[in-house]
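**Q** Just so it is clear, I am handing over run-v5.tsv, which has TSV, C-alpha atoms.
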chain	number	residue	atom	x	y	z
A	13	MET	CA	24.44	-24.18	164.96
A	14	PRO	CA	24.28	-21.17	162.64
A	15	ILE	CA	26.95	-18.48	162.87
A	16	ALA	CA	26.31	-16.87	166.26
A	17	SER	CA	27.77	-13.46	165.49
A	18	PRO	CA	27.99	-12.27	161.87
A	19	ALA	CA	31.20	-10.70	160.64
A	20	ALA	CA	31.64	-7.03	159.97
A	21	SER	CA	30.86	-5.50	156.60
A	22	VAL	CA	33.84	-4.42	154.52
A	23	ALA	CA	34.21	-1.87	151.76
A	24	LEU	CA	35.68	-3.73	148.82
A	25	GLU	CA	38.26	-1.86	146.78
A	26	GLY	CA	39.46	-4.69	144.55
A	27	PHE	CA	40.56	-8.29	144.09
A	28	GLU	CA	43.89	-9.69	143.05
A	29	LEU	CA	43.92	-13.20	141.58
A	30	ARG	CA	47.00	-15.33	141.02
A	31	VAL	CA	47.48	-18.73	139.44
A	32	LEU	CA	50.14	-20.65	141.32
A	33	HIS	CA	52.12	-23.74	140.36
A	34	LEU	CA	53.38	-25.53	143.48
A	35	PRO	CA	55.51	-28.67	142.97
A	36	LEU	CA	54.25	-31.64	144.97
A	37	VAL	CA	56.59	-33.60	147.23
A	38	SER	CA	55.69	-36.72	145.24
A	39	PRO	CA	53.18	-37.57	142.49
A	40	PHE	CA	49.61	-37.88	143.79
A	41	THR	CA	47.59	-40.50	141.90
A	42	THR	CA	43.84	-41.08	142.15
A	43	SER	CA	41.35	-42.93	139.98
A	44	PHE	CA	41.15	-39.90	137.66
A	45	GLY	CA	44.84	-39.13	137.14
A	46	THR	CA	48.22	-38.12	138.54
A	47	GLU	CA	49.34	-34.67	139.69
A	48	THR	CA	52.97	-33.64	140.06
A	49	VAL	CA	52.30	-29.89	140.29
A	50	ARG	CA	49.37	-28.33	142.11
A	51	GLU	CA	47.77	-25.58	140.03
A	52	VAL	CA	45.60	-23.37	142.21
A	53	ILE	CA	44.17	-19.84	142.29
A	54	VAL	CA	44.83	-17.57	145.28
A	55	VAL	CA	42.55	-14.57	145.87
A	56	LYS	CA	43.39	-11.38	147.74
A	57	ALA	CA	40.46	-9.17	148.72
A	58	MET	CA	41.49	-5.54	149.13
A	59	THR	CA	39.28	-3.53	151.49
A	60	ASP	CA	39.33	-0.22	153.30
A	61	GLY	CA	40.27	-2.11	156.47
A	62	GLY	CA	43.01	-4.31	155.07
A	63	GLU	CA	43.50	-7.48	153.03
A	64	GLY	CA	41.98	-10.94	153.16
A	65	TRP	CA	43.01	-14.17	151.48
A	66	GLY	CA	41.11	-17.04	149.86
A	67	GLU	CA	41.86	-20.07	147.74
A	68	ILE	CA	40.01	-21.41	144.69
A	69	VAL	CA	40.69	-25.15	144.84
A	70	THR	CA	40.11	-26.06	141.20
A	71	GLY	CA	42.60	-28.27	139.41
A	72	ALA	CA	44.18	-27.83	136.00
A	73	ALA	CA	41.66	-30.16	134.34
A	74	PRO	CA	37.94	-30.87	134.97
A	75	LEU	CA	38.50	-34.37	136.35
A	76	TYR	CA	37.47	-34.21	140.00
A	77	SER	CA	34.63	-31.82	139.13
A	78	SER	CA	33.45	-29.75	136.17
A	79	GLU	CA	35.47	-26.78	137.46
A	80	TYR	CA	39.05	-26.18	136.34
A	81	THR	CA	41.62	-23.41	136.63
A	82	GLN	CA	41.19	-21.53	133.38
A	83	GLY	CA	37.40	-21.67	133.62
A	84	ALA	CA	37.55	-20.48	137.23
A	85	TRP	CA	39.94	-17.68	136.26
A	86	ASP	CA	37.59	-16.50	133.51
A	87	VAL	CA	34.36	-16.60	135.50
A	88	ALA	CA	35.97	-14.96	138.52
A	89	LEU	CA	37.38	-12.05	136.54
A	90	ARG	CA	34.49	-11.66	134.12
A	91	PHE	CA	31.46	-12.14	136.38
A	92	LEU	CA	31.86	-13.01	140.06
A	93	ALA	CA	34.48	-10.56	141.32
A	94	PRO	CA	32.86	-7.65	139.43
A	95	ALA	CA	29.47	-8.53	140.95
A	96	LEU	CA	30.94	-8.26	144.44
A	97	LEU	CA	32.77	-5.04	143.64
A	98	ASP	CA	29.53	-3.55	142.33
A	99	HIS	CA	28.09	-3.91	145.83
A	100	ARG	CA	31.00	-1.96	147.27
A	101	THR	CA	30.17	-2.66	150.93
A	102	LEU	CA	29.00	-6.07	152.07
A	103	ALA	CA	29.33	-8.62	154.86
A	104	PRO	CA	30.79	-12.09	154.23
A	105	GLU	CA	27.36	-13.62	154.92
A	106	GLU	CA	26.01	-11.66	151.93
A	107	VAL	CA	28.53	-12.98	149.39
A	108	ALA	CA	26.60	-16.15	148.54
A	109	GLY	CA	23.42	-14.20	147.88
A	110	VAL	CA	25.16	-11.71	145.63
A	111	LEU	CA	26.69	-14.55	143.61
A	112	ALA	CA	23.57	-16.77	143.57
A	113	PRO	CA	22.35	-15.58	140.12
A	114	PHE	CA	25.48	-17.13	138.58
A	115	ILE	CA	24.91	-20.87	138.21
A	116	GLY	CA	27.50	-23.28	139.57
A	117	HIS	CA	31.19	-22.36	139.94
A	118	ARG	CA	31.08	-23.22	143.63
A	119	MET	CA	34.83	-23.40	144.06
A	120	VAL	CA	35.24	-19.88	142.72
A	121	LYS	CA	32.47	-18.61	144.97
A	122	ALA	CA	34.08	-20.31	147.96
A	123	GLY	CA	37.47	-18.71	147.29
A	124	LEU	CA	36.01	-15.24	146.92
A	125	GLU	CA	33.84	-15.63	150.02
A	126	LEU	CA	36.84	-16.80	152.05
A	127	ALA	CA	38.92	-13.77	151.02
A	128	VAL	CA	36.12	-11.41	152.06
A	129	LEU	CA	35.60	-13.32	155.30
A	130	ASP	CA	39.30	-13.25	156.15
A	131	ALA	CA	39.43	-9.49	155.56
A	132	ALA	CA	36.33	-8.90	157.70
A	133	LEU	CA	37.53	-11.04	160.60
A	134	ARG	CA	41.00	-9.47	160.53
A	135	SER	CA	39.42	-6.03	160.74
A	136	GLU	CA	37.48	-7.15	163.83
A	137	GLY	CA	40.37	-8.99	165.44
A	138	ARG	CA	38.45	-12.29	165.41
A	139	ALA	CA	39.73	-15.77	164.59
A	140	MET	CA	37.96	-17.90	162.00
A	141	GLY	CA	37.61	-20.80	164.40
A	142	GLU	CA	35.80	-18.61	166.92
A	143	TYR	CA	33.56	-17.22	164.16
A	144	LEU	CA	32.58	-20.67	162.82
A	145	GLY	CA	31.95	-22.12	166.28
A	146	ALA	CA	35.06	-24.23	166.89
A	147	VAL	CA	35.09	-26.23	170.11
A	148	ARG	CA	38.65	-27.61	169.86
A	149	ASP	CA	42.06	-25.98	169.60
A	150	ARG	CA	43.53	-28.82	167.54
A	151	VAL	CA	42.11	-31.51	165.26
A	152	PRO	CA	43.22	-35.09	164.55
A	153	SER	CA	45.02	-35.38	161.25
A	154	GLY	CA	44.49	-38.08	158.66
A	155	VAL	CA	46.45	-38.57	155.48
A	156	SER	CA	45.26	-39.41	151.97
A	157	VAL	CA	47.59	-41.82	150.20
A	158	GLY	CA	47.47	-41.92	146.42
A	159	ILE	CA	47.60	-45.07	144.31
A	160	GLN	CA	51.15	-46.39	144.34
A	161	ARG	CA	53.19	-48.44	141.88
A	162	ASP	CA	52.11	-51.71	143.54
A	163	PRO	CA	50.77	-52.95	146.93
A	164	ALA	CA	54.28	-53.23	148.37
A	165	ALA	CA	55.01	-49.59	147.55
A	166	LEU	CA	51.68	-48.64	149.11
A	167	VAL	CA	52.62	-50.44	152.33
A	168	ASP	CA	55.92	-48.57	152.39
A	169	ALA	CA	54.17	-45.22	151.90
A	170	VAL	CA	51.63	-45.96	154.64
A	171	ALA	CA	54.42	-47.01	157.00
A	172	ASP	CA	56.11	-43.65	156.52
A	173	TYR	CA	52.92	-41.74	157.32
A	174	LEU	CA	52.23	-43.85	160.40
A	175	ASP	CA	55.78	-43.18	161.57
A	176	GLU	CA	55.08	-39.46	161.21
A	177	GLY	CA	52.10	-39.88	163.54
A	178	TYR	CA	49.05	-39.55	161.31
A	179	ALA	CA	45.91	-40.64	163.14
A	180	ARG	CA	44.07	-42.19	160.19
A	181	ILE	CA	45.01	-43.60	156.79
A	182	LYS	CA	42.94	-43.19	153.63
A	183	ILE	CA	43.99	-45.01	150.48
A	184	LYS	CA	42.79	-44.24	146.99
A	185	ILE	CA	41.31	-47.14	145.03
A	186	LYS	CA	40.12	-47.87	141.49
A	187	PRO	CA	39.05	-51.01	139.62
A	188	GLY	CA	41.92	-53.47	139.70
A	189	ARG	CA	43.62	-51.62	142.59
A	190	ASP	CA	41.11	-52.14	145.37
A	191	VAL	CA	40.85	-55.44	147.26
A	192	GLY	CA	44.51	-56.33	146.90
A	193	ASP	CA	45.75	-52.91	147.99
A	194	THR	CA	43.38	-52.81	150.96
A	195	ALA	CA	44.37	-56.32	152.01
A	196	ALA	CA	48.06	-55.42	151.84
A	197	VAL	CA	47.61	-52.41	154.14
A	198	ARG	CA	45.38	-54.25	156.59
A	199	ASP	CA	47.70	-57.27	156.73
A	200	ALA	CA	50.74	-55.04	157.29
A	201	PHE	CA	49.31	-52.75	159.96
A	202	GLY	CA	46.51	-54.62	161.69
A	203	THR	CA	43.72	-52.56	163.20
A	204	ILE	CA	44.83	-49.05	162.23
A	205	PRO	CA	41.95	-46.66	161.37
A	206	LEU	CA	41.62	-47.21	157.62
A	207	GLN	CA	39.27	-46.03	154.90
A	208	VAL	CA	39.21	-46.09	151.11
A	209	ASP	CA	38.30	-43.48	148.50
A	210	ALA	CA	37.08	-44.43	145.02
A	211	ASN	CA	36.52	-40.95	143.56
A	212	SER	CA	33.47	-42.19	141.58
A	213	ALA	CA	35.44	-44.95	139.83
A	214	TYR	CA	32.78	-47.71	140.10
A	215	THR	CA	29.23	-48.56	139.03
A	216	LEU	CA	26.60	-50.79	140.57
A	217	ALA	CA	27.94	-53.58	138.36
A	218	ASP	CA	30.97	-53.58	140.67
A	219	ALA	CA	28.90	-54.16	143.82
A	220	ASP	CA	30.31	-57.66	144.40
A	221	THR	CA	33.88	-56.33	144.27
A	222	LEU	CA	33.04	-53.49	146.64
A	223	ALA	CA	31.34	-55.96	148.99
A	224	GLU	CA	34.66	-57.82	149.28
A	225	LEU	CA	35.98	-54.76	151.10
A	226	ASP	CA	33.57	-55.48	153.96
A	227	ARG	CA	36.00	-58.00	155.43
A	228	PHE	CA	38.60	-55.31	156.13
A	229	ASP	CA	36.64	-53.48	158.84
A	230	LEU	CA	36.98	-50.12	157.11
A	231	LEU	CA	35.79	-46.86	158.61
A	232	LEU	CA	34.05	-46.10	155.31
A	233	ILE	CA	34.17	-46.29	151.54
A	234	GLU	CA	34.13	-42.83	150.02
A	235	GLN	CA	32.24	-41.91	146.84
A	236	PRO	CA	32.18	-45.31	145.13
A	237	LEU	CA	29.77	-44.29	142.34
A	238	GLN	CA	29.21	-41.28	140.09
A	239	GLU	CA	28.32	-38.02	141.80
A	240	ASP	CA	24.76	-37.82	140.41
A	241	ASP	CA	23.93	-41.43	141.35
A	242	LEU	CA	22.21	-40.82	144.69
A	243	VAL	CA	19.67	-43.58	144.09
A	244	ALA	CA	22.39	-46.03	143.03
A	245	HIS	CA	24.39	-45.12	146.14
A	246	ALA	CA	21.33	-45.91	148.26
A	247	THR	CA	21.06	-49.30	146.55
A	248	LEU	CA	24.75	-49.98	147.11
A	249	ALA	CA	24.60	-48.87	150.74
A	250	ARG	CA	22.03	-51.59	151.39
A	251	ARG	CA	24.41	-54.16	149.90
A	252	LEU	CA	27.46	-53.23	151.95
A	253	LYS	CA	28.36	-53.55	155.60
A	254	THR	CA	31.00	-50.85	155.17
A	255	PRO	CA	29.49	-47.38	155.67
A	256	VAL	CA	29.13	-45.39	152.44
A	257	CYS	CA	30.43	-41.82	152.59
A	258	LEU	CA	29.62	-39.22	149.94
A	259	ASP	CA	32.08	-36.61	148.71
A	260	GLU	CA	31.57	-35.38	145.13
A	261	SER	CA	27.79	-35.88	145.46
A	262	ILE	CA	27.51	-33.33	148.28
A	263	VAL	CA	27.56	-29.98	146.50
A	264	SER	CA	25.19	-28.10	148.83
A	265	ALA	CA	23.09	-28.43	151.95
A	266	LYS	CA	20.15	-29.41	149.74
A	267	ALA	CA	22.18	-32.18	148.12
A	268	ALA	CA	23.15	-33.41	151.58
A	269	ALA	CA	19.52	-33.40	152.71
A	270	ASP	CA	18.50	-35.34	149.58
A	271	ALA	CA	21.25	-37.91	150.12
A	272	LEU	CA	20.25	-38.47	153.73
A	273	ALA	CA	16.57	-38.74	152.82
A	274	LEU	CA	17.35	-41.42	150.22
A	275	GLY	CA	19.71	-43.35	152.49
A	276	SER	CA	22.56	-42.79	150.05
A	277	ALA	CA	25.16	-42.29	152.77
A	278	SER	CA	25.66	-42.72	156.49
A	279	ILE	CA	28.72	-40.42	156.58
A	280	VAL	CA	29.41	-37.13	154.78
A	281	ASN	CA	32.70	-35.60	153.68
A	282	ILE	CA	32.48	-31.80	153.72
A	283	LYS	CA	34.77	-29.79	151.46
A	284	ALA	CA	34.11	-26.06	151.60
A	285	GLY	CA	35.31	-25.47	148.05
A	286	ARG	CA	33.06	-28.15	146.65
A	287	VAL	CA	29.93	-26.80	148.38
A	288	GLY	CA	30.45	-23.11	147.63
A	289	GLY	CA	32.06	-21.82	150.80
A	290	TYR	CA	32.63	-22.23	154.51
A	291	LEU	CA	29.22	-20.86	155.46
A	292	GLU	CA	27.49	-23.52	153.33
A	293	ALA	CA	29.86	-26.05	154.88
A	294	VAL	CA	28.63	-25.02	158.34
A	295	ALA	CA	25.03	-25.44	157.16
A	296	ILE	CA	25.80	-29.00	156.03
A	297	HIS	CA	27.54	-29.69	159.33
A	298	ASP	CA	24.45	-28.49	161.20
A	299	LEU	CA	22.10	-30.57	159.04
A	300	CYS	CA	24.14	-33.74	159.55
A	301	ARG	CA	24.63	-33.17	163.24
A	302	ASP	CA	20.89	-32.79	163.72
A	303	ALA	CA	20.37	-36.03	161.78
A	304	GLY	CA	23.01	-37.93	163.76
A	305	ILE	CA	25.26	-38.28	160.70
A	306	PRO	CA	29.01	-37.98	161.34
A	307	VAL	CA	31.01	-35.63	159.11
A	308	TRP	CA	34.67	-35.06	158.39
A	309	CYS	CA	36.65	-32.49	156.43
A	310	GLY	CA	38.17	-33.56	153.13
A	311	GLY	CA	41.13	-31.94	151.45
A	312	MET	CA	41.91	-30.53	148.01
A	313	LEU	CA	45.72	-30.28	148.33
A	314	GLU	CA	45.25	-26.79	149.76
A	315	THR	CA	48.00	-24.29	150.38
A	316	GLY	CA	48.39	-22.86	153.87
A	317	ILE	CA	45.42	-20.58	153.19
A	318	GLY	CA	42.84	-23.31	152.68
A	319	ARG	CA	44.56	-25.60	155.19
A	320	ALA	CA	44.12	-23.02	157.98
A	321	ALA	CA	40.44	-22.59	157.07
A	322	ASN	CA	39.92	-26.36	157.01
A	323	ALA	CA	41.48	-26.72	160.45
A	324	ALA	CA	39.03	-24.14	161.81
A	325	LEU	CA	36.09	-25.90	160.14
A	326	SER	CA	37.20	-29.30	161.44
A	327	ALA	CA	37.08	-28.00	165.01
A	328	LEU	CA	33.27	-27.75	164.94
A	329	PRO	CA	31.49	-30.26	167.20
A	330	GLY	CA	29.93	-32.41	164.46
A	331	PHE	CA	33.30	-33.29	162.91
A	332	THR	CA	33.63	-36.52	164.85
A	333	LEU	CA	35.72	-38.41	162.27
A	334	THR	CA	39.35	-37.69	161.48
A	335	GLY	CA	39.67	-35.57	158.34
A	336	ASP	CA	42.33	-34.88	155.72
A	337	VAL	CA	43.77	-31.74	157.34
A	338	SER	CA	47.35	-32.94	157.06
A	339	ALA	CA	50.59	-31.10	157.69
A	340	SER	CA	51.72	-28.85	154.86
A	341	ASP	CA	54.80	-30.98	154.20
A	342	ARG	CA	52.56	-33.88	153.22
A	343	PHE	CA	52.30	-32.17	149.83
A	344	TYR	CA	54.72	-29.22	149.70
A	345	THR	CA	58.36	-28.66	150.59
A	346	ARG	CA	57.58	-24.94	150.56
A	347	ASP	CA	54.20	-23.38	151.32
A	348	ILE	CA	53.02	-19.82	150.70
A	349	VAL	CA	52.42	-19.01	154.38
A	350	THR	CA	55.10	-18.10	156.90
A	351	ALA	CA	54.05	-20.75	159.44
A	352	PRO	CA	52.79	-23.86	157.59
A	353	ALA	CA	50.66	-26.45	159.39
A	354	VAL	CA	52.72	-29.06	161.22
A	355	LEU	CA	51.84	-32.40	162.78
A	356	GLU	CA	51.93	-32.50	166.58
A	357	ASP	CA	51.16	-35.86	168.16
A	358	GLY	CA	48.85	-36.76	165.27
A	359	HIS	CA	47.05	-33.39	165.34
A	360	VAL	CA	47.10	-30.03	163.59
A	361	ARG	CA	46.50	-26.87	165.60
A	362	VAL	CA	43.60	-24.56	164.80
A	363	PRO	CA	45.07	-21.10	164.11
A	364	THR	CA	44.10	-18.51	166.71
A	365	GLY	CA	45.34	-15.35	165.01
A	366	HIS	CA	43.03	-12.81	163.42
A	367	GLY	CA	41.08	-14.05	160.40
A	368	LEU	CA	42.61	-17.24	159.04
A	369	GLY	CA	45.47	-16.82	161.48
A	370	VAL	CA	48.18	-17.24	158.86
A	371	GLU	CA	50.42	-14.72	157.13
A	372	ILE	CA	51.45	-14.87	153.49
A	373	ASP	CA	55.11	-15.37	152.54
A	374	PRO	CA	55.39	-12.76	149.76
A	375	VAL	CA	58.58	-14.23	148.31
A	376	ALA	CA	57.11	-17.72	148.02
A	377	LEU	CA	53.89	-16.29	146.59
A	378	ASP	CA	55.80	-14.47	143.88
A	379	ASP	CA	58.02	-17.46	143.15
A	380	PHE	CA	55.04	-19.74	142.50
A	381	THR	CA	52.91	-17.21	140.56
A	382	VAL	CA	52.46	-17.92	136.85
A	383	ALA	CA	49.59	-15.48	136.18
A	384	ARG	CA	48.27	-12.41	137.97
A	385	GLU	CA	45.33	-10.05	137.45
A	386	THR	CA	43.90	-7.22	139.52
A	387	LEU	CA	40.36	-5.83	139.42
A	388	THR	CA	39.44	-2.57	141.11
A	389	ARG	CA	36.25	-0.57	141.35
Write the structure described by the file as C-alpha cells, please.

**A**
Amino acid sequence: MPIASPAASVALEGFELRVLHLPLVSPFTTSFGTETVREVIVVKAMTDGGEGWGEIVTGAAPLYSSEYTQGAWDVALRFLAPALLDHRTLAPEEVAGVLAPFIGHRMVKAGLELAVLDAALRSEGRAMGEYLGAVRDRVPSGVSVGIQRDPAALVDAVADYLDEGYARIKIKIKPGRDVGDTAAVRDAFGTIPLQVDANSAYTLADADTLAELDRFDLLLIEQPLQEDDLVAHATLARRLKTPVCLDESIVSAKAAADALALGSASIVNIKAGRVGGYLEAVAIHDLCRDAGIPVWCGGMLETGIGRAANAALSALPGFTLTGDVSASDRFYTRDIVTAPAVLEDGHVRVPTGHGLGVEIDPVALDDFTVARETLTR
C-alpha cells in the first residue's frame, strides 16, 4: 500500500532546531535506565508556503540506540539540514534519497522528513492520516508501564491506567524483575490484554526464564535479546509459546524482511523515528501486511508533534494490535501543542486538520527550550 498521492514539493528556506527539556509526570524506568526529564529535539521547516514541524526522538544518552541528543544536534546542523537546504525545492518523498549518503542517524532523518512532510501537507490542505492511507478515525490506546519499586507498586500503577481506560497494558521487564512482576499483574487483573518489553536485556542463556512467561498468556514479548541478534531471536522464538516481537532490531524495511525470513519474530513494532521516517514505516507496514505479520506502533515519549504523527500511522489497516499511542498526560502535565492527545473510551483520535493536525503552543515551546539554532539558505 504505497503512498497513493505524493505530497507537494516545497521550497525550503531554512530549519530551526530546538532542544527541549520536558519534565515527566513520574520517573520512567526501563532495563537501560530511568528518565525524569524528556530531552528531545523539535524541528521547524520554514518554506515559501509556511511552516512544518517534526520531532527527533533521540534521548540524552545512547542507551536505547546509538543516537543521542548532542550527536543528533551536531549531525543535523552540520550535515543533514544543509544537504536538504542545498536542494532548495523538494518533495517529502525525496528527503530520504537526499539524506541516503549519510550513514545511520535515522532518528534525525525521520525528524527532518516529518517537518518537510508537515509543511507540504499543510500547503495542500491535506491531513497526514489521509496521506498515509489511514482507514480509521481513532486508534486503540495502550500504555507502557515502567519498572516500579516492587510488584505491589506495579499493580497499583497498572490499576490506575486501567481505571483511565487504556485498552492494553505493557510492562517493562529486566532480569530479576520479570516473572514475579508479570505474575503480580496477571493475578491482580485476570485476562487483561498484557505484554512485556525487555528492551534487549536478555541473552539466550536466559531462555528458561523467558519460557516461564509462557504461562501468563501474553500478547507478546518485545525485544528480549540484543538488536543485532536476529539468529538468536529465531532460536528463542522456537523455544517460546509467547510470540516474539522485534523493536530495536527493526531499523529498516530490509531489516524487517531479514527478520521475517529468519523467523526471528511473528510480530513487529514499528517506530518511525527508529526506522528513518514515516515513509519507511509505511513500507514496513506494507511488507508485514503482505506477509500476514501483525504490526503495532511503539512510542518514544513523543511530544504532541510525534504523538499526532503516530496516531495517523496507527490508523493504517495493518496495525491490528494496540500500540503505545497514549494520551499526552501519560507523560506530560504540559505539552507543546494547543490540543494534546486525550483518551476517549480507550482510544486516541487521529487528527484531521491540515498536515499533522496540531498547532504549536509558542509559550510552552519557549518555556521548555534549552537550546536553539536556525539554518537558512

**Q** Would you please work out which residue, of A:Val337, A:Ala196, A:Leu126, A:Glu142, is nearest to Ala164 in chain A when using only C-alpha atoms?

**A**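 Smallest distance to Ala164 in chain A is found for A:Ala196.
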
**Q** Please check which residues have atoms at most 10 Å from (45.8, -49.1, 161.2) in the file's coordinates, counting all atoms listed in the file, and write them as a list in words.

**A**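 Here is the list of nearby residues: Val170, Ala171, Leu174, Ala179, Arg180, Ile181, Val197, Arg198, Asp199, Ala200, Phe201, Gly202, Thr203, Ile204, Pro205, Leu206, Gln207 and Leu230 of chain A.
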
**Q** Could you write out that same residue set with C-alpha atoms as an mmCIF file, in the coordinates of the input?

**A**
data_model
loop_
_atom_site.group_PDB
_atom_site.id
_atom_site.type_symbol
_atom_site.label_atom_id
_atom_site.label_comp_id
_atom_site.auth_asym_id
_atom_site.auth_seq_id
_atom_site.Cartn_x
_atom_site.Cartn_y
_atom_site.Cartn_z
ATOM 1 C CA VAL A 170 51.630 -45.960 154.640
ATOM 2 C CA ALA A 171 54.420 -47.010 157.000
ATOM 3 C CA LEU A 174 52.230 -43.850 160.400
ATOM 4 C CA ALA A 179 45.910 -40.640 163.140
ATOM 5 C CA ARG A 180 44.070 -42.190 160.190
ATOM 6 C CA ILE A 181 45.010 -43.600 156.790
ATOM 7 C CA VAL A 197 47.610 -52.410 154.140
ATOM 8 C CA ARG A 198 45.380 -54.250 156.590
ATOM 9 C CA ASP A 199 47.700 -57.270 156.730
ATOM 10 C CA ALA A 200 50.740 -55.040 157.290
ATOM 11 C CA PHE A 201 49.310 -52.750 159.960
ATOM 12 C CA GLY A 202 46.510 -54.620 161.690
ATOM 13 C CA THR A 203 43.720 -52.560 163.200
ATOM 14 C CA ILE A 204 44.830 -49.050 162.230
ATOM 15 C CA PRO A 205 41.950 -46.660 161.370
ATOM 16 C CA LEU A 206 41.620 -47.210 157.620
ATOM 17 C CA GLN A 207 39.270 -46.030 154.900
ATOM 18 C CA LEU A 230 36.980 -50.120 157.110
#

**Q** Let me make sure I understand: among A:Pro236, A:Pro18, A:Gly369, A:Gly275, which one has the smallest atom-to-atom distance to Leu102 in chain A if we use only C-alpha atoms?

**A** A:Pro18

**Q** Considering only C-alpha atoms, can you say which of A:Gly62, A:Ile183, A:Thr101, A:Lys121 comes closest to Ala88 in chain A?

**A**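 Checking each candidate against Ala88 in chain A, we get A:Lys121 as the closest.
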
**Q** So that I can check the surroundings of Ile15 in chain A, please list as an MDAnalysis selection string every protein, DNA and RNA residue that reaches within 9 Å of it, counting all atoms listed in the file and ignoring chain neighbours fewer than 3 positions away.

**A** chainID A and resid 18 143:145 291 294

**Q** Restricting the calculation to all atoms listed in the file: of A:Pro187, A:Gly64, A:Pro255, A:Gly177, which residue gets closest to Glu371 in chain A?

**A**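 Ranked by minimum distance to Glu371 in chain A, first place goes to A:Gly64.
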
**Q** Build an axis-aligned box that encloses every atom of range 330-333 of chain A listed in the file, pad it by 8 Å on each side, and report its centre and edge lengths in Å to one decimal, as lines of an AutoDock Vina configuration file.

**A**
center_x = 32.8
center_y = -35.4
center_z = 163.6
size_x = 21.8
size_y = 22.0
size_z = 18.6

**Q** Residues within 8 Å of Tyr344 in chain A, please, as a PyMOL selection string. Count only C-alpha atoms; anything in the same chain fewer than 6 positions from it doesn't count.

**A** chain A and resi 34-37

**Q** May I ask which of the residues A:Ile296, A:Ala246, A:Val157, A:Val382 is the closest one to Ala267 in chain A, counting all atoms listed in the file?

**A**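 Closest to Ala267 in chain A, using all atoms listed in the file: A:Ile296.
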
**Q** Take CA of Arg134 in chain A and CA of Leu24 in chain A and report the distance between them in Å, one decimal.

**A** 14.1 Å

**Q** Quote the spacing between CA of Asp190 in chain A and CA of Asp341 in chain A in Å to one decimal place.

**A**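 Going from CA of Asp190 in chain A over to CA of Asp341 in chain A covers 26.7 Å.
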
**Q** Would you mind telling me which residue in A:Leu166, A:Leu225, A:Leu258, A:Ile305 lies nearest to Asp241 in chain A when using only C-alpha atoms?

**A**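 Of the candidates, the smallest distance to Asp241 in chain A is held by A:Leu258.
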
**Q** Quick one: everything within 10 Å of Pro94 in chain A, counting all atoms listed in the file, minus sequence neighbours fewer than 4 positions away in the same chain. Send it as a list of chain:residue names.

**A**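 The filter keeps A:Gly26, A:Phe27, A:Val87, A:Ala88, A:Leu89, A:Arg90, A:Asp98, A:His99, A:Arg100, A:Leu387, A:Thr388, A:Arg389.
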
**Q** Between CA of Ala132 in chain A and CA of Ala321 in chain A, measure the distance and give it in Å to one decimal.

**A**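 Straight-line distance from CA of Ala132 in chain A to CA of Ala321 in chain A works out to 14.3 Å.
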
**Q** With 10 Å as the threshold, what does the neighbourhood of (41.3, -51.6, 140.7) contain in terms of residues, counting all atoms listed in the file? Coordinates are those of the file; answer as an mmCIF file with C-alpha atoms, keeping the file's coordinate frame.

**A**
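The result, stored in point_29.cif:
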data_model
loop_
_atom_site.group_PDB
_atom_site.id
_atom_site.type_symbol
_atom_site.label_atom_id
_atom_site.label_comp_id
_atom_site.auth_asym_id
_atom_site.auth_seq_id
_atom_site.Cartn_x
_atom_site.Cartn_y
_atom_site.Cartn_z
ATOM 1 C CA SER A 43 41.350 -42.930 139.980
ATOM 2 C CA ILE A 159 47.600 -45.070 144.310
ATOM 3 C CA LYS A 184 42.790 -44.240 146.990
ATOM 4 C CA ILE A 185 41.310 -47.140 145.030
ATOM 5 C CA LYS A 186 40.120 -47.870 141.490
ATOM 6 C CA PRO A 187 39.050 -51.010 139.620
ATOM 7 C CA GLY A 188 41.920 -53.470 139.700
ATOM 8 C CA ARG A 189 43.620 -51.620 142.590
ATOM 9 C CA ASP A 190 41.110 -52.140 145.370
ATOM 10 C CA VAL A 191 40.850 -55.440 147.260
ATOM 11 C CA GLY A 192 44.510 -56.330 146.900
ATOM 12 C CA ASP A 193 45.750 -52.910 147.990
ATOM 13 C CA ALA A 210 37.080 -44.430 145.020
ATOM 14 C CA ALA A 213 35.440 -44.950 139.830
ATOM 15 C CA TYR A 214 32.780 -47.710 140.100
ATOM 16 C CA THR A 221 33.880 -56.330 144.270
#

**Q** What lies within 12 Å of Leu313 in chain A using only C-alpha atoms, ignoring chain neighbours under 3 positions off, as a PyMOL selection string?

**A** chain A and resi 34-37+39-40+47-52+67-71+155-158+283+285+310+316-319+322+336-344+347
